[in-house]
Amino acid sequence: MPDLAVHVCAGLLGSKLIRDPAGRAVFVAGNCLPDLAQKTMDLGFVSPGAFSEATHTPFGILFLAYAASMLFEEGWRRRACRLLALGSLLHLLMDS
């Protein structure tokens with residue numbers, strides 16, 4: 001399973017298909033999102049395995065992408081959600 005540095009490099013390569021620099025950054029962040037969410041949940045819960053495994057499922061990715069897109073301004077949320085989800089799906093493909 002690749003580590004976070006490999007996910008960042010793959011996200012940078014995959015983001016070459018996106019034209020604007022802000023979209024590229026969001027895609028790369030999406031590629032790291034499942035691991036970052038899992039590590040955060042592992043630190044915060046008493047039984048980490050039961051909760052943090054959901055971050056590496058398709059439903060978990062959609063939930064994380066939607067939740068993280070709420071941090072963006074209203075005009076950018078839909079695009080941010082899509083880019084975060086696509087980056088996270090690349091993360092799943094790399095992990096499998």
# chains A, B, ... in the order shown; residues from 1 in each chain; ligands from 1
>>> residues_around(residues="Thr55 in chain A", least_positions_apart="3", cutoff="8 Å", atoms="only C-alpha atoms", output="PDB file with all heavy atoms, in the first residue's frame")
ATOM      1  N   PRO A  34      -8.292  10.401   2.090  1.00  0.00           N
ATOM      2  CA  PRO A  34      -8.615   9.194   2.865  1.00  0.00           C
ATOM      3  C   PRO A  34      -7.573   8.858   3.933  1.00  0.00           C
ATOM      4  O   PRO A  34      -7.936   8.489   5.056  1.00  0.00           O
ATOM      5  CB  PRO A  34      -8.693   8.095   1.808  1.00  0.00           C
ATOM      6  CG  PRO A  34      -9.055   8.803   0.562  1.00  0.00           C
ATOM      7  CD  PRO A  34      -8.341  10.124   0.648  1.00  0.00           C
ATOM      8  N   ASP A  35      -6.296   8.979   3.613  1.00  0.00           N
ATOM      9  CA  ASP A  35      -5.260   8.688   4.606  1.00  0.00           C
ATOM     10  C   ASP A  35      -5.251   9.714   5.728  1.00  0.00           C
ATOM     11  O   ASP A  35      -5.097   9.361   6.902  1.00  0.00           O
ATOM     12  CB  ASP A  35      -3.874   8.643   3.954  1.00  0.00           C
ATOM     13  CG  ASP A  35      -3.583   7.308   3.295  1.00  0.00           C
ATOM     14  OD1 ASP A  35      -4.340   6.347   3.554  1.00  0.00           O
ATOM     15  OD2 ASP A  35      -2.618   7.233   2.525  1.00  0.00           O
ATOM     16  N   ALA A  37      -7.786  11.503   6.769  1.00  0.00           N
ATOM     17  CA  ALA A  37      -8.976  11.288   7.596  1.00  0.00           C
ATOM     18  C   ALA A  37      -8.800  10.054   8.480  1.00  0.00           C
ATOM     19  O   ALA A  37      -9.198  10.060   9.649  1.00  0.00           O
ATOM     20  CB  ALA A  37     -10.205  11.128   6.710  1.00  0.00           C
ATOM     21  N   GLN A  38      -8.193   9.006   7.931  1.00  0.00           N
ATOM     22  CA  GLN A  38      -7.984   7.798   8.720  1.00  0.00           C
ATOM     23  C   GLN A  38      -7.034   8.054   9.883  1.00  0.00           C
ATOM     24  O   GLN A  38      -7.296   7.631  11.009  1.00  0.00           O
ATOM     25  CB  GLN A  38      -7.441   6.679   7.846  1.00  0.00           C
ATOM     26  CG  GLN A  38      -7.253   5.381   8.603  1.00  0.00           C
ATOM     27  CD  GLN A  38      -6.729   4.268   7.740  1.00  0.00           C
ATOM     28  OE1 GLN A  38      -6.166   4.506   6.678  1.00  0.00           O
ATOM     29  NE2 GLN A  38      -6.915   3.049   8.190  1.00  0.00           N
ATOM     30  N   SER A  52     -12.289   4.105  11.359  1.00  0.00           N
ATOM     31  CA  SER A  52     -11.416   4.659  10.331  1.00  0.00           C
ATOM     32  C   SER A  52     -11.384   3.843   9.046  1.00  0.00           C
ATOM     33  O   SER A  52     -10.959   4.349   8.018  1.00  0.00           O
ATOM     34  CB  SER A  52      -9.995   4.807  10.874  1.00  0.00           C
ATOM     35  OG  SER A  52      -9.445   3.542  11.169  1.00  0.00           O
ATOM     36  N   GLY A  60     -17.633   6.214   1.977  1.00  0.00           N
ATOM     37  CA  GLY A  60     -16.847   7.061   2.864  1.00  0.00           C
ATOM     38  C   GLY A  60     -16.170   8.191   2.114  1.00  0.00           C
ATOM     39  O   GLY A  60     -16.083   9.323   2.607  1.00  0.00           O
ATOM     40  N   ILE A  61     -15.705   7.897   0.909  1.00  0.00           N
ATOM     41  CA  ILE A  61     -15.063   8.918   0.083  1.00  0.00           C
ATOM     42  C   ILE A  61     -16.064   9.998  -0.311  1.00  0.00           C
ATOM     43  O   ILE A  61     -15.759  11.186  -0.260  1.00  0.00           O
ATOM     44  CB  ILE A  61     -14.416   8.271  -1.152  1.00  0.00           C
ATOM     45  CG1 ILE A  61     -13.111   7.629  -0.735  1.00  0.00           C
ATOM     46  CG2 ILE A  61     -14.205   9.266  -2.269  1.00  0.00           C
ATOM     47  CD1 ILE A  61     -12.418   6.899  -1.830  1.00  0.00           C
ATOM     48  N   LEU A  64     -16.680  12.098   2.771  1.00  0.00           N
ATOM     49  CA  LEU A  64     -15.535  12.960   3.072  1.00  0.00           C
ATOM     50  C   LEU A  64     -15.423  14.107   2.077  1.00  0.00           C
ATOM     51  O   LEU A  64     -15.139  15.249   2.456  1.00  0.00           O
ATOM     52  CB  LEU A  64     -14.240  12.153   3.052  1.00  0.00           C
ATOM     53  CG  LEU A  64     -13.958  11.263   4.243  1.00  0.00           C
ATOM     54  CD1 LEU A  64     -12.728  10.404   3.966  1.00  0.00           C
ATOM     55  CD2 LEU A  64     -13.749  12.102   5.483  1.00  0.00           C
TER      56      LEU A  64
END
>>> residues_around(residues="His56 in chain A", least_positions_apart="4", cutoff="12 Å", atoms="only C-alpha atoms", output="list in words")
Asn31, Cys32, Leu33, Pro34, Asp35, Leu36, Ala37, Gln38, Lys39, Gly49, Phe51, Ser52, Gly60, Ile61, Leu62, Phe63, Leu64, Ala85, Ser88, Leu89, Leu90, His91, Leu92, Leu93, Met94, Asp95 and Ser96 of chain A
>>> select_by_dssp(residues="chain A", states="alpha helix (DSSP H)", output="ChimeraX atom specification")
/A:4-14,21-44,48-52,58-69,77-95
>>> atom_distance(atom1="CA of Gly30 in chain A", atom2="CA of Leu83 in chain A")
6.8 Å
>>> atom_distance(atom1="CA of Cys81 in chain A", atom2="CA of Ala65 in chain A")
5.2 Å
>>> residues_around(residues="Ala25 in chain A", least_positions_apart="6", cutoff="9 Å", atoms="only C-alpha atoms", output="count of residues only")
3
>>> atom_distance(atom1="CA of Ala5 in chain A", atom2="CA of Pro58 in chain A")
21.9 Å
>>> decode(residues="chain A", atoms="C-alpha atoms", output="CSV table (one decimal), in the first residue's frame")
chain,number,residue,atom,x,y,z
A,1,MET,CA,0.0,0.0,0.0
A,2,PRO,CA,1.5,3.4,-1.0
A,3,ASP,CA,2.4,5.9,1.6
A,4,LEU,CA,1.3,9.6,1.7
A,5,ALA,CA,4.4,10.8,-0.3
A,6,VAL,CA,3.5,8.4,-3.2
A,7,HIS,CA,-0.1,9.5,-3.1
A,8,VAL,CA,1.0,13.2,-3.4
A,9,CYS,CA,3.3,12.3,-6.4
A,10,ALA,CA,0.5,10.4,-8.1
A,11,GLY,CA,-1.9,13.2,-7.4
A,12,LEU,CA,0.5,15.7,-9.0
A,13,LEU,CA,0.8,13.4,-12.1
A,14,GLY,CA,-3.0,12.9,-12.3
A,15,SER,CA,-3.7,16.6,-11.9
A,16,LYS,CA,-1.9,17.4,-15.1
A,17,LEU,CA,-5.3,16.9,-16.8
A,18,ILE,CA,-6.8,19.8,-14.9
A,19,ARG,CA,-6.2,23.3,-16.3
A,20,ASP,CA,-6.5,25.7,-13.3
A,21,PRO,CA,-3.9,25.5,-10.5
A,22,ALA,CA,-6.6,25.7,-7.8
A,23,GLY,CA,-8.3,22.6,-9.2
A,24,ARG,CA,-5.0,20.8,-9.3
A,25,ALA,CA,-4.4,21.5,-5.6
A,26,VAL,CA,-7.8,20.3,-4.7
A,27,PHE,CA,-7.3,17.1,-6.7
A,28,VAL,CA,-4.0,16.4,-4.9
A,29,ALA,CA,-5.7,17.1,-1.6
A,30,GLY,CA,-8.4,14.7,-2.5
A,31,ASN,CA,-5.8,12.0,-3.2
A,32,CYS,CA,-4.5,12.4,0.3
A,33,LEU,CA,-7.9,12.9,2.0
A,34,PRO,CA,-8.6,9.2,2.9
A,35,ASP,CA,-5.3,8.7,4.6
A,36,LEU,CA,-5.4,12.0,6.4
A,37,ALA,CA,-9.0,11.3,7.6
A,38,GLN,CA,-8.0,7.8,8.7
A,39,LYS,CA,-5.0,9.0,10.7
A,40,THR,CA,-7.1,11.8,12.3
A,41,MET,CA,-9.8,9.3,13.3
A,42,ASP,CA,-7.2,6.8,14.6
A,43,LEU,CA,-5.9,9.5,17.0
A,44,GLY,CA,-9.4,10.6,18.1
A,45,PHE,CA,-11.3,7.4,18.8
A,46,VAL,CA,-10.8,4.7,21.4
A,47,SER,CA,-11.4,1.8,18.9
A,48,PRO,CA,-9.8,3.2,15.7
A,49,GLY,CA,-10.4,0.2,13.4
A,50,ALA,CA,-14.1,0.2,13.5
A,51,PHE,CA,-14.4,3.9,12.5
A,52,SER,CA,-11.4,4.7,10.3
A,53,GLU,CA,-11.8,1.8,7.8
A,54,ALA,CA,-14.9,3.6,6.4
A,55,THR,CA,-12.6,6.3,5.0
A,56,HIS,CA,-11.3,3.8,2.4
A,57,THR,CA,-14.7,2.9,1.0
A,58,PRO,CA,-16.6,4.5,-1.9
A,59,PHE,CA,-19.4,5.7,0.4
A,60,GLY,CA,-16.8,7.1,2.9
A,61,ILE,CA,-15.1,8.9,0.1
A,62,LEU,CA,-18.3,10.6,-1.1
A,63,PHE,CA,-19.1,11.6,2.5
A,64,LEU,CA,-15.5,13.0,3.1
A,65,ALA,CA,-15.5,14.8,-0.2
A,66,TYR,CA,-18.9,16.4,0.5
A,67,ALA,CA,-17.9,17.3,4.1
A,68,ALA,CA,-14.5,18.8,3.0
A,69,SER,CA,-16.2,20.8,0.1
A,70,MET,CA,-18.2,22.7,2.7
A,71,LEU,CA,-14.9,24.4,3.6
A,72,PHE,CA,-14.8,26.1,0.2
A,73,GLU,CA,-16.8,29.2,-0.8
A,74,GLU,CA,-20.3,28.6,-2.1
A,75,GLY,CA,-19.5,29.1,-5.8
A,76,TRP,CA,-16.7,26.5,-5.6
A,77,ARG,CA,-18.3,23.8,-3.5
A,78,ARG,CA,-19.7,21.6,-6.3
A,79,ARG,CA,-16.4,21.6,-8.3
A,80,ALA,CA,-14.4,21.0,-5.1
A,81,CYS,CA,-16.6,18.1,-4.2
A,82,ARG,CA,-16.0,16.5,-7.6
A,83,LEU,CA,-12.3,17.1,-7.6
A,84,LEU,CA,-11.9,15.8,-4.0
A,85,ALA,CA,-13.9,12.7,-4.9
A,86,LEU,CA,-11.9,12.0,-8.1
A,87,GLY,CA,-8.7,12.4,-6.2
A,88,SER,CA,-9.9,10.0,-3.5
A,89,LEU,CA,-11.0,7.5,-6.1
A,90,LEU,CA,-7.4,7.6,-7.5
A,91,HIS,CA,-6.3,6.9,-4.0
A,92,LEU,CA,-8.5,3.8,-3.8
A,93,LEU,CA,-7.2,2.6,-7.1
A,94,MET,CA,-3.6,3.0,-5.9
A,95,ASP,CA,-4.4,1.2,-2.7
A,96,SER,CA,-6.0,-1.7,-4.4
